[in-house]
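Chemist: First, the structure itself, so that you have it in front of you.
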Amino acid sequence: MKKVIVSVLLACACSLGVRAQIGQVEMPDSLVRELEEVVVNANRSVTRLEGTSLVSTIAGTSLENVGNAVDVLRQLPMISVRDNAVEIAGKGAPEIFIDGRPMRDDRELQSLQSDNIRRVELVLAPGAQYDSSTRAVLKIFTRRKFVRGLSVRDEVNADWRRRTSVNDVLDMSWHGSKLELFATGAYAHNNSLIKGSTVNRWEYQGKQMTVGSTQRNNYPVNIGQGKVGFNYVSGEHSFGGYYRYLSEHADYSNHGSEWVDGEEPVARNIDWEIVGRSHLASVYYDCRLSKRDVHLHFDGTFRRSDSDNHSLTSYPDGMLSDVGSVQDKRSWLYAGKFYAELPLWRGVLTAGTQDSYTSTSLGYVMENEEVGSYIPSSHSDAAQTSVAAFATWSRVLGKWNVTAGVRWEYVDYRYTLNGKRDDEISRRDHLVTPDVAIGYSPVDDVEMTLSYKVSTVRPPYAQLTSGLTYVGRHEIEGGNPALRDERMHDVQLFGRWRDFMVQADYVRSIDTYAFVKRPYDAPTPQLLMQPVNVDVSGLYAYLIWSRQVKRWTPNVTVGCNAQWLELGGERYNRPMWTYSFRNTLELPHGWTITADVSGRSGGDMQTNRFASSWFGMNAGVRKRFLNKALTLKLDVTDIFNTECNDWSMHTYNVDMRKTQSYDRRGISLSVAYQFQPKKSRYKGGVASQSELNRM
């Protein structure tokens with residue numbers, strides 16, 4: 001009788017837990033339903049496939065002790081992090097959300113400690129509620145720890161490579177019963193040295209011509225940032241906002257040489273000074289109507305950025321005249337996003353609108369009269385109005401699950417050059433992009449999902465400029481205002497069997513852009529590098545194994561990236577093979593060690609052919625003191641100095657080969673102190689992330 005009573009009580013508890021979770025509706029592309037803070041200390045898969053998402057459990061595993069969120073992401077499959085920039089294999093940079101709030105800069109990842117992360121969800125087939133250009137979404141969910149009062153955390157990091165870089169991030173917040181106030185201050189001095197050489201060969205006036213150069217690039221930059229904001233929560237309602245100011249000052253230099261055919265090399269110095277400023281303000285309102293199980297959310301965003309770029313190319317021997325140029329850029333963004341989540345037909349419907357207005361003004365002045373004959377001064381203005389409506393519906397039907405969505409968007413793009421509207425480039429579009437995903441799980445250890453999505457990807461504003469940049473006597477770089485929007489068809493297959501997962505992604509892109517180098521019409525021999533529209537098909541396949549074995553957490557990923565691209569009679573079809581083996585080991589007395597090995601074969605990526613880099617290794621050690629208030633972390637990157645960055649390009653009968661030596665090998669020391677650490681409850685987001693990325 002007692003056993004029956006216990007069984008009934010357990011069943012009731014599980015039922016109540018499931019109902020509570022259903023009441024907390026997550027985004028429709030998430031098929032994860034979880035019980036809060038449940039930790040099972042047994043050997044299990046750290047990363048599992050859930051629908052079209054890779055879901056990694058951090059709490060209760062060795063990954064919760066590796067450092068901050070950047071260190072966690074480095075250890076997860078399909079994710080690579082280099083200099084705090086996050087990329088997804090085969091998909092590029094993702095949109096990143098922390099507790100439903102879009103991330104603004106990588107310093108937020110540095111501020112978030114690994115032991116405050118509950119799970120990480122990598123969405124590989126984002127639905128219609130995201131911008132059409134979004135190919136992957138990374139969601140980070142934190143543990144819900146709230147303690148009233150003041151919270152302070154400061155982290156200082158120093159990198160020693162060929163140059164020294166230092167940065168400091170200070171986070172402060174105050175939590176009351178309903179109100180939270182927060183402020184962040186950050187300063188970074190980053191510096192790097194890249195050495196290399198470039199050789200170009202092409203036929204000019206019936207003769208073979210060779211133009212070469214050497215580079216010794218120094219990239220020192222100072223960045224300062226300040227952010228203040230608030231959140232107010234009362235019952236099922238919450239609202240808040242913040243303001244962020246960022247300032248950047250860089251003094252780049254390139255001291256090298258250039259030569260033509262068999263001539264003696266001529267010393268050449270290139271100096272840039274870049275001063276940038278940006279203002280960002282964001283507000284949100286969030287409401288849950290519990291009786292009707294409805295969730296409402298609004299985001300509003302304003303951003304203004306200004307940058308001034310002064311460039312000077314000089315020749316110390318005085319045989320050639322100096323070439324100087326000035327470029328100023330001004331950008332504005334106004335955006336709003338509203339959506340509602342509600343139950344429909346035993347599933348969840350998410351519907352809303354996302355609207356934005358962006359404007360970019362770019363002025364370019366060439367100060368050398370001779371060079372100005374083929375690189376003229378110009379002033380361009382680009383403005384875009386975008387109005388979008390989206391709807392996504394998802395439902396679980398026993399062993400099946402389905403998600404379907406559609407996004408409609410109206411875009412009015414206006415381009416003006418030197419005060420005159422260009423009707424060939426300006427355009428108005430009505431776009432409809434559908435997506436669907438169907439999953440089947442016959443047993444607990446087996447799952448399969450097939451998805452299809454159509455999306456429109458717009459090129460960054462930096463590539464839509466008509467301005468040209470002087471690189472050398474015979475080399476020019478520039479944008480292409482005539483670039484068309486890319487139309488992408490994406491079919492993905494996901495599968496899981498026990499601890500093994502497979503992901504295969506076939507992409508057909510119409511009018512994507514790739515860089516080419518070709519002869520440029522000018523009084524003297526000139527080469528121009530710029531983006532052009534191309535059609536390309538690609539297959540990206542990955543096999544993943546991941547499992548926690550007591551205190552050891554390994555994961556292995558093996559992949560192949562293959563593409564089919566033909567341009568000007570040349571084919572760029574060589575596949576690229578990749579692998580990574582990542583390890584996290586917990587030792588007694590609070591020590592944590594990481595060791596990662598990765599590599600790739602040579603292969604084609606768009607019009608670039610990269611050399612192989614078969615073996616690269618990074619390692620790190622972390623230790624916490626003073627009851628976890630003080631953390632020391634030491635990392636060593638590219639231990640054997642084996643990472644290769646050489647690449648080549650052969651387009652329009654121009655053969656270019658570039659040899660580069662990055663300063664990847666180095667040592668990094670991080671010291672962090674925290675007092676009453678807490679997570680932010682800010683629920684707002686950027687209303688148009690894709691437009692921010694383009695700017």
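Residue numbering restarts at 1 for every chain of the structure tokens, chains are lettered A, B, ... in their displayed order, and ligands are numbered from 1 as they appear.
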Could you produce a table of the residues of stretch 463-567 of chain A lying within 10 Å of stretch 398-418 of chain A, with the nearest pair of atoms per residue and their separation in Å rounded to one decimal, using only C-alpha atoms, ordered by chain and increasing residue number, as a tab-separated table?
Modeler:
```
residue	atom	partner	partner_atom	distance
A:Leu464	CA	A:Tyr415	CA	9.5
A:Thr465	CA	A:Leu417	CA	9.6
A:Ser466	CA	A:Leu417	CA	8.1
A:Pro481	CA	A:Tyr415	CA	8.3
A:Ala482	CA	A:Tyr415	CA	9.8
```
Chemist: Deliver the residues from the most recent selection as a file, using N, CA and C atoms, as a PDB file, in the first residue's frame.
Modeler:
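File written: out-v8.pdb
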```pdb
ATOM      1  N   LEU A 464      28.481  47.798 -49.788  1.00  0.00           N
ATOM      2  CA  LEU A 464      27.625  48.477 -50.760  1.00  0.00           C
ATOM      3  C   LEU A 464      28.143  49.857 -51.133  1.00  0.00           C
ATOM      4  N   THR A 465      29.325  50.202 -50.683  1.00  0.00           N
ATOM      5  CA  THR A 465      29.875  51.516 -50.974  1.00  0.00           C
ATOM      6  C   THR A 465      30.471  51.566 -52.382  1.00  0.00           C
ATOM      7  N   SER A 466      30.427  52.749 -52.965  1.00  0.00           N
ATOM      8  CA  SER A 466      31.053  52.955 -54.273  1.00  0.00           C
ATOM      9  C   SER A 466      32.474  53.484 -54.140  1.00  0.00           C
ATOM     10  N   PRO A 481      28.192  48.809 -54.930  1.00  0.00           N
ATOM     11  CA  PRO A 481      26.817  49.199 -54.597  1.00  0.00           C
ATOM     12  C   PRO A 481      25.762  48.436 -55.396  1.00  0.00           C
ATOM     13  N   ALA A 482      26.175  47.739 -56.447  1.00  0.00           N
ATOM     14  CA  ALA A 482      25.229  46.999 -57.282  1.00  0.00           C
ATOM     15  C   ALA A 482      24.971  45.581 -56.775  1.00  0.00           C
TER      16      ALA A 482
END
```
Chemist: Could you give me, as a PyMOL selection string, the residues within 8 Å of stretch 189-206 of chain A, counting only C-alpha atoms and dropping anything in the same chain fewer than 6 positions from it?
Modeler: chain A and resi 161-167+212-223+525+653-663
Chemist: Hey, can you check how far atom CA of A:Gly467 sits from atom CA of A:Asp511?
Modeler: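 Between these atoms lies a distance of 21.6 Å.
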Chemist: With only C-alpha atoms as the counted atoms, please give the residues lying no more than 7 Å from A:Arg496, apart from itself and same-chain residues fewer than 6 positions off, as a VMD selection string.
Modeler: chain A and resid 49 446 to 448 502
Chemist: Please dump the current selection as an mmCIF file, in the first residue's frame; keep N, CA and C atoms.
Modeler:
```
data_model
loop_
_atom_site.group_PDB
_atom_site.id
_atom_site.type_symbol
_atom_site.label_atom_id
_atom_site.label_comp_id
_atom_site.auth_asym_id
_atom_site.auth_seq_id
_atom_site.Cartn_x
_atom_site.Cartn_y
_atom_site.Cartn_z
ATOM 1 N N LEU A 49 20.806 16.141 -29.165
ATOM 2 C CA LEU A 49 20.026 16.717 -30.240
ATOM 3 C C LEU A 49 18.567 16.783 -29.811
ATOM 4 N N VAL A 446 16.976 7.565 -30.143
ATOM 5 C CA VAL A 446 17.001 7.802 -31.583
ATOM 6 C C VAL A 446 16.102 8.986 -31.909
ATOM 7 N N GLU A 447 16.599 9.907 -32.730
ATOM 8 C CA GLU A 447 15.810 11.062 -33.142
ATOM 9 C C GLU A 447 16.278 11.522 -34.512
ATOM 10 N N MET A 448 15.320 11.933 -35.354
ATOM 11 C CA MET A 448 15.625 12.436 -36.688
ATOM 12 C C MET A 448 14.768 13.665 -36.961
ATOM 13 N N VAL A 502 24.551 13.529 -35.987
ATOM 14 C CA VAL A 502 24.974 13.866 -37.335
ATOM 15 C C VAL A 502 24.150 15.049 -37.816
#
```
Chemist: My list of candidates is A:Tyr513, A:Trp614, A:Tyr461, A:Tyr339. Which is closest to A:Leu296 when distances are computed with only C-alpha atoms?
Modeler: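 Nearest to A:Leu296: A:Tyr339.
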Chemist: What does the distance between atom CA of A:Thr592 and atom CA of A:Pro554 come to in Å, to one decimal place?
Modeler: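 Between atom CA of A:Thr592 and atom CA of A:Pro554 the gap is 13.5 Å.
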Chemist: Using backbone DSSP assignments, extract all strand (DSSP E or B) residues from stretch 349-532 of chain A; output them as a PyMOL selection string.
Modeler: chain A and resi 349-366+378-397+400-417+420-421+427-443+446-457+468-472+475-478+486-497+500-519+527-532
Chemist: Which residues, written as an NGL selection string, have at least one atom at most 9 Å from A:Pro376, with only C-alpha atoms counted and residues fewer than 2 positions away on the same chain left out?
Modeler: :A and (364-366 or 369 or 371-374 or 378 or 467-468)
Chemist: Next, dump the selected residues to file, keeping only C-alpha atoms, as a short mmCIF file (atom, residue, chain, number, x, y, z; two decimals), in the first residue's frame.
Modeler:
```
data_model
loop_
_atom_site.label_atom_id
_atom_site.label_comp_id
_atom_site.auth_asym_id
_atom_site.auth_seq_id
_atom_site.Cartn_x
_atom_site.Cartn_y
_atom_site.Cartn_z
CA TYR A 364 35.31 59.76 -49.42
CA VAL A 365 37.94 62.36 -50.35
CA MET A 366 41.06 61.45 -52.39
CA GLU A 369 45.26 64.60 -57.73
CA VAL A 371 45.39 59.05 -58.17
CA GLY A 372 42.10 60.95 -58.12
CA SER A 373 41.86 60.52 -61.90
CA TYR A 374 40.95 56.84 -61.40
CA SER A 378 32.55 60.60 -53.82
CA GLY A 467 34.25 54.33 -52.72
CA LEU A 468 37.65 52.87 -53.62
#
```
Chemist: From the set A:Ser53, A:Asn309, A:Ser257, A:Ser451, which residue has the shortest atom-to-atom contact distance to A:Arg473, counting only C-alpha atoms?
Modeler: A:Ser257
Chemist: Would you list the contacts of stretch 180-182 of chain A as an mmCIF file with N, CA and C atoms, in the first residue's frame, taking every protein, DNA or RNA residue within 9 Å and counting only C-alpha atoms, but skipping same-chain residues closer than 4 positions in sequence?
Modeler:
```cif
data_model
loop_
_atom_site.group_PDB
_atom_site.id
_atom_site.type_symbol
_atom_site.label_atom_id
_atom_site.label_comp_id
_atom_site.auth_asym_id
_atom_site.auth_seq_id
_atom_site.Cartn_x
_atom_site.Cartn_y
_atom_site.Cartn_z
ATOM 1 N N ASP A 171 31.564 45.132 -13.722
ATOM 2 C CA ASP A 171 30.104 45.034 -13.694
ATOM 3 C C ASP A 171 29.604 45.338 -12.291
ATOM 4 N N MET A 172 28.568 46.174 -12.210
ATOM 5 C CA MET A 172 27.934 46.480 -10.931
ATOM 6 C C MET A 172 26.419 46.428 -11.103
ATOM 7 N N SER A 173 25.731 45.933 -10.082
ATOM 8 C CA SER A 173 24.274 45.933 -10.118
ATOM 9 C C SER A 173 23.739 45.991 -8.700
ATOM 10 N N TRP A 174 22.530 46.521 -8.583
ATOM 11 C CA TRP A 174 21.821 46.573 -7.308
ATOM 12 C C TRP A 174 20.438 45.989 -7.503
ATOM 13 N N HIS A 175 20.067 45.023 -6.670
ATOM 14 C CA HIS A 175 18.792 44.334 -6.781
ATOM 15 C C HIS A 175 17.919 44.684 -5.580
ATOM 16 N N GLY A 176 16.720 45.198 -5.863
ATOM 17 C CA GLY A 176 15.701 45.350 -4.848
ATOM 18 C C GLY A 176 14.626 44.302 -5.032
ATOM 19 N N LYS A 227 27.879 51.505 -19.919
ATOM 20 C CA LYS A 227 26.475 51.146 -20.094
ATOM 21 C C LYS A 227 25.754 51.263 -18.756
ATOM 22 N N VAL A 228 24.565 51.869 -18.767
ATOM 23 C CA VAL A 228 23.728 51.972 -17.574
ATOM 24 C C VAL A 228 22.305 51.593 -17.957
ATOM 25 N N GLY A 229 21.565 50.984 -17.008
ATOM 26 C CA GLY A 229 20.204 50.592 -17.319
ATOM 27 C C GLY A 229 19.447 50.156 -16.087
ATOM 28 N N PHE A 230 18.196 49.759 -16.314
ATOM 29 C CA PHE A 230 17.355 49.324 -15.211
ATOM 30 C C PHE A 230 16.360 48.285 -15.709
ATOM 31 N N ASN A 231 15.832 47.496 -14.772
ATOM 32 C CA ASN A 231 14.731 46.570 -15.003
ATOM 33 C C ASN A 231 13.745 46.716 -13.859
ATOM 34 N N TYR A 232 12.473 46.643 -14.188
ATOM 35 C CA TYR A 232 11.436 46.692 -13.166
ATOM 36 C C TYR A 232 10.486 45.532 -13.407
ATOM 37 N N VAL A 233 10.268 44.725 -12.377
ATOM 38 C CA VAL A 233 9.423 43.544 -12.486
ATOM 39 C C VAL A 233 8.349 43.612 -11.410
ATOM 40 N N TYR A 242 18.177 50.533 -21.357
ATOM 41 C CA TYR A 242 19.575 50.841 -21.073
ATOM 42 C C TYR A 242 20.120 51.753 -22.160
ATOM 43 N N SER A 680 21.647 39.242 -14.743
ATOM 44 C CA SER A 680 20.735 40.319 -15.078
ATOM 45 C C SER A 680 19.373 39.760 -15.446
ATOM 46 N N ARG A 681 18.324 40.508 -15.095
ATOM 47 C CA ARG A 681 16.973 40.113 -15.467
ATOM 48 C C ARG A 681 16.478 40.919 -16.655
ATOM 49 N N TYR A 682 17.342 41.617 -17.351
ATOM 50 C CA TYR A 682 16.914 42.417 -18.492
ATOM 51 C C TYR A 682 16.333 41.515 -19.565
#
```
Chemist: Would you work out the distance separating atom CA of A:Gly602 from atom CA of A:Met576, expressed in Å to one decimal?
Modeler: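 So the two atoms, atom CA of A:Gly602 and atom CA of A:Met576, lie 5.8 Å apart.
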